[in-house]
Amino acid sequence: MGAFLYSVGLHLKLNLRNKEILIMYYIVPLVFFLFMGGIFTSILPGADKTLIQSMTVFGVSMGGLLGGPVPLAEILGSDIKKAYRAGGVPLWIAAAGNFISGFLHLFLMSAVIFFAAPILFKASVPENLPSYVLSLALLIISSMCVATAFGLFVKNVSKLTLLCQVVFLPSIILSGIMFPADMLPEALGAVGKIFPAAWGFQAMCQGNTDLKLLLPLLIISAALLVICAFRLKRINAD
């Protein structure tokens, strides 16, 4: 238990000291929010009603997909992995530490958007706060599950960044935060439902808890956790 808590704390500190991770978790999402928040509310009627949700989905997706896998890939692709083994620390602790650290960072970034949007852009606050927080938590969890899978399977950081960008861009475009998802062709709308962003955005925009929207996030998370468990078992066996 002590090793696990130490790993979580270490990842939190390392993420704050890593400029690239800091950029992905905080700087780019919040700059995008400050820049696009004013544009959305100026040119799109009713954008203020879903501004918090749309900007949060963008930030969580960017932080999770582009920032989350990097620390894990750096550990597994370097001598740090040998240090874990030499110290008798299971590699799953590194993966779990990175997961929890990413969750906390993304939740904090989302909280900044939640409190700043009504002040800066007169955005509407979600009516059902518990439902919103639950949906947000599941979105972050599913996004970090995707990040963990990428980090475990791709050790080369350059290839990892490129692959994550390939996934990030369609997940944002097809999520419904830029324009209504029902405007998309049926095939593209179906593709968009593969990504957590689409389900998370719909769930957070609901006035109450809708299990039909939360269930896909749970399924995505559970499936990826199983895949990650098998991958970690194989890495330990190598």
# chains A, B, ... in the order shown; residues from 1 in each chain; ligands from 1
>>> residues_around(residues="region 60-76 of chain A", least_positions_apart="2", cutoff="7 Å", atoms="only C-alpha atoms", output="mmCIF file with N, CA and C atoms, in the first residue's frame")
data_model
loop_
_atom_site.group_PDB
_atom_site.id
_atom_site.type_symbol
_atom_site.label_atom_id
_atom_site.label_comp_id
_atom_site.auth_asym_id
_atom_site.auth_seq_id
_atom_site.Cartn_x
_atom_site.Cartn_y
_atom_site.Cartn_z
ATOM 1 N N ILE A 21 3.515 17.438 -20.373
ATOM 2 C CA ILE A 21 2.312 16.949 -19.699
ATOM 3 C C ILE A 21 1.498 18.120 -19.159
ATOM 4 N N MET A 24 -0.469 19.633 -21.930
ATOM 5 C CA MET A 24 -1.618 18.838 -22.363
ATOM 6 C C MET A 24 -2.728 18.804 -21.322
ATOM 7 N N TYR A 25 -2.362 18.779 -20.035
ATOM 8 C CA TYR A 25 -3.366 18.679 -18.982
ATOM 9 C C TYR A 25 -4.029 20.025 -18.656
ATOM 10 N N THR A 56 -15.166 21.114 -21.380
ATOM 11 C CA THR A 56 -14.649 20.070 -20.497
ATOM 12 C C THR A 56 -14.324 18.810 -21.280
ATOM 13 N N VAL A 57 -15.196 18.434 -22.200
ATOM 14 C CA VAL A 57 -14.941 17.250 -23.029
ATOM 15 C C VAL A 57 -13.668 17.429 -23.843
ATOM 16 N N PHE A 58 -13.481 18.630 -24.398
ATOM 17 C CA PHE A 58 -12.251 18.888 -25.146
ATOM 18 C C PHE A 58 -11.028 18.740 -24.242
ATOM 19 N N SER A 78 12.121 2.683 -20.760
ATOM 20 C CA SER A 78 13.410 3.134 -20.236
ATOM 21 C C SER A 78 13.878 2.206 -19.123
ATOM 22 N N ILE A 80 13.732 2.792 -16.114
ATOM 23 C CA ILE A 80 12.889 2.920 -14.924
ATOM 24 C C ILE A 80 12.152 1.610 -14.657
ATOM 25 N N LYS A 81 11.787 0.917 -15.751
ATOM 26 C CA LYS A 81 11.105 -0.367 -15.595
ATOM 27 C C LYS A 81 11.996 -1.358 -14.839
ATOM 28 N N ALA A 95 1.305 1.817 -13.587
ATOM 29 C CA ALA A 95 0.142 2.104 -14.427
ATOM 30 C C ALA A 95 -0.990 2.730 -13.608
ATOM 31 N N ASN A 98 -0.082 6.347 -12.576
ATOM 32 C CA ASN A 98 -0.275 7.278 -13.690
ATOM 33 C C ASN A 98 -1.761 7.528 -13.941
ATOM 34 N N GLY A 102 -3.445 11.173 -13.493
ATOM 35 C CA GLY A 102 -4.139 11.795 -14.622
ATOM 36 C C GLY A 102 -5.570 12.153 -14.277
ATOM 37 N N LEU A 106 -6.982 15.995 -14.459
ATOM 38 C CA LEU A 106 -8.079 16.315 -15.375
ATOM 39 C C LEU A 106 -9.319 16.792 -14.622
ATOM 40 N N ILE A 140 -13.646 10.848 -17.547
ATOM 41 C CA ILE A 140 -12.214 10.891 -17.247
ATOM 42 C C ILE A 140 -11.668 9.476 -17.088
ATOM 43 N N SER A 143 -11.378 7.848 -20.479
ATOM 44 C CA SER A 143 -10.291 8.477 -21.246
ATOM 45 C C SER A 143 -8.933 8.011 -20.738
ATOM 46 N N MET A 144 -8.785 7.889 -19.419
ATOM 47 C CA MET A 144 -7.526 7.416 -18.857
ATOM 48 C C MET A 144 -7.329 5.916 -19.112
ATOM 49 N N VAL A 146 -8.187 4.523 -21.966
ATOM 50 C CA VAL A 146 -7.623 4.568 -23.321
ATOM 51 C C VAL A 146 -6.149 4.955 -23.250
ATOM 52 N N ALA A 147 -5.845 5.956 -22.436
ATOM 53 C CA ALA A 147 -4.462 6.412 -22.288
ATOM 54 C C ALA A 147 -3.565 5.297 -21.763
ATOM 55 N N THR A 148 -4.045 4.552 -20.777
ATOM 56 C CA THR A 148 -3.255 3.465 -20.201
ATOM 57 C C THR A 148 -2.983 2.372 -21.228
ATOM 58 N N PHE A 150 -2.831 2.734 -24.518
ATOM 59 C CA PHE A 150 -1.828 3.249 -25.449
ATOM 60 C C PHE A 150 -0.436 3.210 -24.820
ATOM 61 N N GLY A 151 -0.337 3.628 -23.565
ATOM 62 C CA GLY A 151 0.944 3.661 -22.893
ATOM 63 C C GLY A 151 1.561 2.295 -22.707
ATOM 64 N N LEU A 152 0.731 1.266 -22.558
ATOM 65 C CA LEU A 152 1.234 -0.088 -22.362
ATOM 66 C C LEU A 152 1.648 -0.762 -23.666
ATOM 67 N N VAL A 154 2.421 0.931 -26.733
ATOM 68 C CA VAL A 154 3.347 1.696 -27.578
ATOM 69 C C VAL A 154 4.395 2.342 -26.683
ATOM 70 N N LYS A 155 5.633 1.860 -26.779
ATOM 71 C CA LYS A 155 6.697 2.355 -25.913
ATOM 72 C C LYS A 155 7.445 3.533 -26.522
ATOM 73 N N VAL A 157 7.737 7.038 -27.737
ATOM 74 C CA VAL A 157 6.931 8.222 -27.447
ATOM 75 C C VAL A 157 6.531 8.954 -28.724
ATOM 76 N N THR A 161 2.664 9.546 -29.673
ATOM 77 C CA THR A 161 2.051 10.866 -29.855
ATOM 78 C C THR A 161 1.279 10.931 -31.162
ATOM 79 N N CYS A 164 -1.931 8.811 -30.898
ATOM 80 C CA CYS A 164 -2.925 9.457 -30.041
ATOM 81 C C CYS A 164 -3.597 10.627 -30.758
ATOM 82 N N GLN A 165 -2.844 11.346 -31.581
ATOM 83 C CA GLN A 165 -3.427 12.444 -32.342
ATOM 84 C C GLN A 165 -4.436 11.927 -33.360
ATOM 85 N N PHE A 168 -7.429 11.289 -31.236
ATOM 86 C CA PHE A 168 -7.980 12.485 -30.599
ATOM 87 C C PHE A 168 -8.818 13.333 -31.561
ATOM 88 N N ALA A 197 -15.703 10.473 -25.729
ATOM 89 C CA ALA A 197 -16.089 11.883 -25.761
ATOM 90 C C ALA A 197 -17.549 12.079 -26.137
#
>>> select_by_dssp(residues="region 128-179 of chain A", states="helix (DSSP H, G or I)", output="mmCIF file with C-alpha atoms, in the first residue's frame")
data_model
loop_
_atom_site.group_PDB
_atom_site.id
_atom_site.type_symbol
_atom_site.label_atom_id
_atom_site.label_comp_id
_atom_site.auth_asym_id
_atom_site.auth_seq_id
_atom_site.Cartn_x
_atom_site.Cartn_y
_atom_site.Cartn_z
ATOM 1 C CA LEU A 129 -24.731 18.686 -10.238
ATOM 2 C CA PRO A 130 -24.416 15.081 -8.918
ATOM 3 C CA SER A 131 -25.338 13.715 -12.360
ATOM 4 C CA TYR A 132 -22.842 16.043 -14.012
ATOM 5 C CA VAL A 133 -20.008 15.063 -11.659
ATOM 6 C CA LEU A 134 -20.771 11.357 -12.128
ATOM 7 C CA SER A 135 -20.751 11.706 -15.906
ATOM 8 C CA LEU A 136 -17.535 13.723 -15.764
ATOM 9 C CA ALA A 137 -15.842 11.134 -13.545
ATOM 10 C CA LEU A 138 -16.796 8.299 -15.900
ATOM 11 C CA LEU A 139 -15.589 10.300 -18.908
ATOM 12 C CA ILE A 140 -12.214 10.891 -17.247
ATOM 13 C CA ILE A 141 -11.957 7.236 -16.201
ATOM 14 C CA SER A 142 -12.715 5.959 -19.701
ATOM 15 C CA SER A 143 -10.291 8.477 -21.246
ATOM 16 C CA MET A 144 -7.526 7.416 -18.857
ATOM 17 C CA CYS A 145 -8.274 3.764 -19.661
ATOM 18 C CA VAL A 146 -7.623 4.568 -23.321
ATOM 19 C CA ALA A 147 -4.462 6.412 -22.288
ATOM 20 C CA THR A 148 -3.255 3.465 -20.201
ATOM 21 C CA ALA A 149 -3.812 1.038 -23.076
ATOM 22 C CA PHE A 150 -1.828 3.249 -25.449
ATOM 23 C CA GLY A 151 0.944 3.661 -22.893
ATOM 24 C CA LEU A 152 1.234 -0.088 -22.362
ATOM 25 C CA PHE A 153 1.239 -1.091 -26.017
ATOM 26 C CA VAL A 157 6.931 8.222 -27.447
ATOM 27 C CA SER A 158 7.085 9.687 -30.982
ATOM 28 C CA LYS A 159 4.915 6.926 -32.426
ATOM 29 C CA LEU A 160 2.648 7.134 -29.401
ATOM 30 C CA THR A 161 2.051 10.866 -29.855
ATOM 31 C CA LEU A 162 1.196 10.399 -33.539
ATOM 32 C CA LEU A 163 -1.194 7.529 -32.824
ATOM 33 C CA CYS A 164 -2.925 9.457 -30.041
ATOM 34 C CA GLN A 165 -3.427 12.444 -32.342
ATOM 35 C CA VAL A 166 -5.039 10.166 -34.924
ATOM 36 C CA VAL A 167 -7.553 9.076 -32.258
ATOM 37 C CA PHE A 168 -7.980 12.485 -30.599
ATOM 38 C CA LEU A 169 -9.003 14.475 -33.682
ATOM 39 C CA PRO A 170 -11.959 12.304 -34.783
ATOM 40 C CA SER A 171 -13.095 11.851 -31.187
ATOM 41 C CA ILE A 172 -13.465 15.642 -30.884
ATOM 42 C CA ILE A 173 -14.910 16.276 -34.348
#
>>> closest_residue(among="A:Ala187, A:Ala117, A:Leu232, A:Val125", to="Thr41 (chain A)", atoms="only C-alpha atoms")
A:Ala117
>>> atom_distance(atom1="CA of Thr209 (chain A)", atom2="CA of Ser101 (chain A)")
26.3 Å
>>> atom_distance(atom1="CA of Ile119 (chain A)", atom2="CA of Tyr26 (chain A)")
18.9 Å
>>> closest_residue(among="A:Ser54, A:Phe103, A:Ala123, A:Gly97", to="Ala198 (chain A)", atoms="only C-alpha atoms")
A:Ser54
